[in-house]
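Data block below; observations after.
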Amino acid sequence: MPGHRSLREALLARFLQLELRGKITVALLTGALVLGTAITLTSYLMFRNELVAHTGARLQAEVSLQQREIELRLGGVIALADSLATNTVTANALADSQGRETYLDPLLRGQKLSVPEADITVVDYRGRPASSTHGSAPDFGQDPSFLAMMADGRARQRVDFAGTSAARLTVALPIRYRLTNNVEGGVSLRVPLDSLLEQETQELLRITDATGTRLTGQAPSAQAFEQSRVLQLPSPVDAAGLHVVRARDRAQVVRQLDLLLLVFLGMGTLVVVGVI
């Protein structure tokens, strides 16, 4: 362009007018500036790659720990619900419509859940609650999981949002009367998924389904670093394909490194201006 050509010609003319000492100074200064810039940018890229690798390894370790913790807590409450469903006391109590509370209330109220916010309810074949770990419980007569379980006698699970922003896991387990092997009712387990997560700001955490849809937790920015693990849970919850995802905002990871780069560039600029 004409403007760039005239500027280049003006600088060249200015350079040719300098004395030998001035020409040597300009040449050395230009070489030092180019070399310093190249070294600074190369070092920046190397440190950035190391920082990214370190962040990925750290997130991988943290999401593994979080996966294990969720599996222990959620797996524990699922195992408890399953043990109640297969307990002969539970089946016999459902068969006794008159005195079932005498058996079930002490049995359920004495249970300590690994997820305190979860609730376990024993229901009869019509979906009416017989007893619950939290006292009151809704009617499950129209619950899709319970109806599907009663239809074929197989355990069912589903994840729904129940009118809130955080999802809830519902598991329906059959209770069989051993003398006839008939399904007399079921055990309904409900777990709010947000009760499985920690409340954090910088280290973002969430639970997703098999398609990656966020069920609960914080949604990170599009540029965040992420590590995901599949939750290994007992049947039938394993069919939900729940994942725990750990993330960290990319801008926060490289902020200090970018600030250091700006400091070095600013110091180099001041040195050049001072020499000139």
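As shown in the structure tokens, the chain order sets the letters A, B, ...; within each chain, residues go from 1, and ligands are also counted from 1 in the order they appear.
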### Task
List the neighbours of Val183 (chain A) out to 8 Å using only C-alpha atoms; skip same-chain residues closer than 3 positions along the sequence, and give me the result as a ChimeraX atom specification.
/A:125,150,153,174-177,186
### Task
From the DSSP assignment of the backbone, select every residue of region 24-143 of chain A that is helix (DSSP H, G or I), and format the answer as a PyMOL selection string.
chain A and resi 24-85+88-95+100-109
### Message
Considering only strand (DSSP E or B) as DSSP defines it on the backbone, what residues of region 62-254 of chain A qualify? List them as JSON, numbers by chain.
### Response
{"A": [119, 120, 121, 122, 123, 124, 129, 130, 131, 132, 156, 157, 158, 159, 160, 168, 169, 170, 171, 172, 173, 174, 175, 176, 177, 182, 183, 184, 185, 186, 187, 188, 189, 190, 191, 192, 203, 204, 205, 206, 207, 208, 214, 215, 216, 217, 225, 226, 227, 228, 229, 230, 243, 244, 245, 246, 247, 248]}
Contacts of Ala224 (chain A) within 8 Å, only C-alpha atoms, excl. fewer than 3 positions in-chain, as a PDB file with C-alpha atoms, in the first residue's frame:
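Output file part-v9.pdb is given in full below:
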```
ATOM      1  CA  PRO A 220     -19.484 -24.445  32.280  1.00  0.00           C
ATOM      2  CA  SER A 221     -18.524 -22.054  29.527  1.00  0.00           C
ATOM      3  CA  ALA A 247     -14.860 -28.829  34.497  1.00  0.00           C
ATOM      4  CA  ARG A 248     -12.753 -25.741  34.991  1.00  0.00           C
ATOM      5  CA  ASP A 249     -12.977 -22.472  33.125  1.00  0.00           C
ATOM      6  CA  ARG A 250     -10.159 -22.086  30.601  1.00  0.00           C
ATOM      7  CA  ALA A 251      -9.837 -18.332  31.199  1.00  0.00           C
TER       8      ALA A 251
END
```
Find the residues of region 34-150 of chain A that sit at most 12 Å from region 231-239 of chain A; for each, write down the nearest two atoms and how far apart they are in Å, to one decimal. Count only C-alpha atoms. Sort by chain, then by number going up, and give it as a Markdown table.
```
| residue | atom | partner | partner_atom | distance |
| --- | --- | --- | --- | --- |
| A:Val63 | CA | A:Leu231 | CA | 10.7 |
| A:Ser64 | CA | A:Leu231 | CA | 9.9 |
| A:Leu65 | CA | A:Leu231 | CA | 11.5 |
| A:Gln66 | CA | A:Leu231 | CA | 9.9 |
| A:Gln67 | CA | A:Leu231 | CA | 6.3 |
| A:Arg68 | CA | A:Leu231 | CA | 8.2 |
| A:Glu69 | CA | A:Leu231 | CA | 10.1 |
| A:Ile70 | CA | A:Leu231 | CA | 7.8 |
| A:Glu71 | CA | A:Leu233 | CA | 6.3 |
| A:Leu72 | CA | A:Leu233 | CA | 8.9 |
| A:Arg73 | CA | A:Leu233 | CA | 10.3 |
| A:Leu74 | CA | A:Leu233 | CA | 7.8 |
| A:Gly75 | CA | A:Leu233 | CA | 6.0 |
| A:Gly76 | CA | A:Pro234 | CA | 9.6 |
| A:Val77 | CA | A:Pro234 | CA | 10.5 |
| A:Ile78 | CA | A:Pro234 | CA | 7.4 |
| A:Ala79 | CA | A:Pro234 | CA | 7.9 |
| A:Leu80 | CA | A:Pro234 | CA | 11.5 |
| A:Ala81 | CA | A:Pro234 | CA | 11.4 |
| A:Asp82 | CA | A:Pro234 | CA | 9.9 |
| A:Ser145 | CA | A:Pro236 | CA | 11.3 |
| A:Met149 | CA | A:Pro236 | CA | 11.3 |
```
### Query
Could you pull the residues within 6 Å of Val244 (chain A), counting only C-alpha atoms, minus those fewer than 5 positions along the same chain, as a list in words?
Arg206, Ile207, Ser228 and Arg229 of chain A
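As for CA of Met267 (chain A) and CA of Ala53 (chain A), they are spaced 28.6 Å apart.
In this structure, CA of Gly22 (chain A) sits 26.4 Å away from CA of Thr40 (chain A).
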### Task
Extract, using only C-alpha atoms, all DNA, RNA and protein residues at most 7 Å from Ile120 (chain A), discarding same-chain residues fewer than 5 positions from it, and format them as a PyMOL selection string.
chain A and resi 81+132-133+187-190
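Neighbouring residues of Asp139 (chain A) at 7 Å or closer, counting only C-alpha atoms and skipping chain neighbours under 3 positions away, are Gly127, Arg128 and Pro129 of chain A.
Interatomic distance, CA of Arg158 (chain A) against CA of Phe140 (chain A): 13.7 Å.
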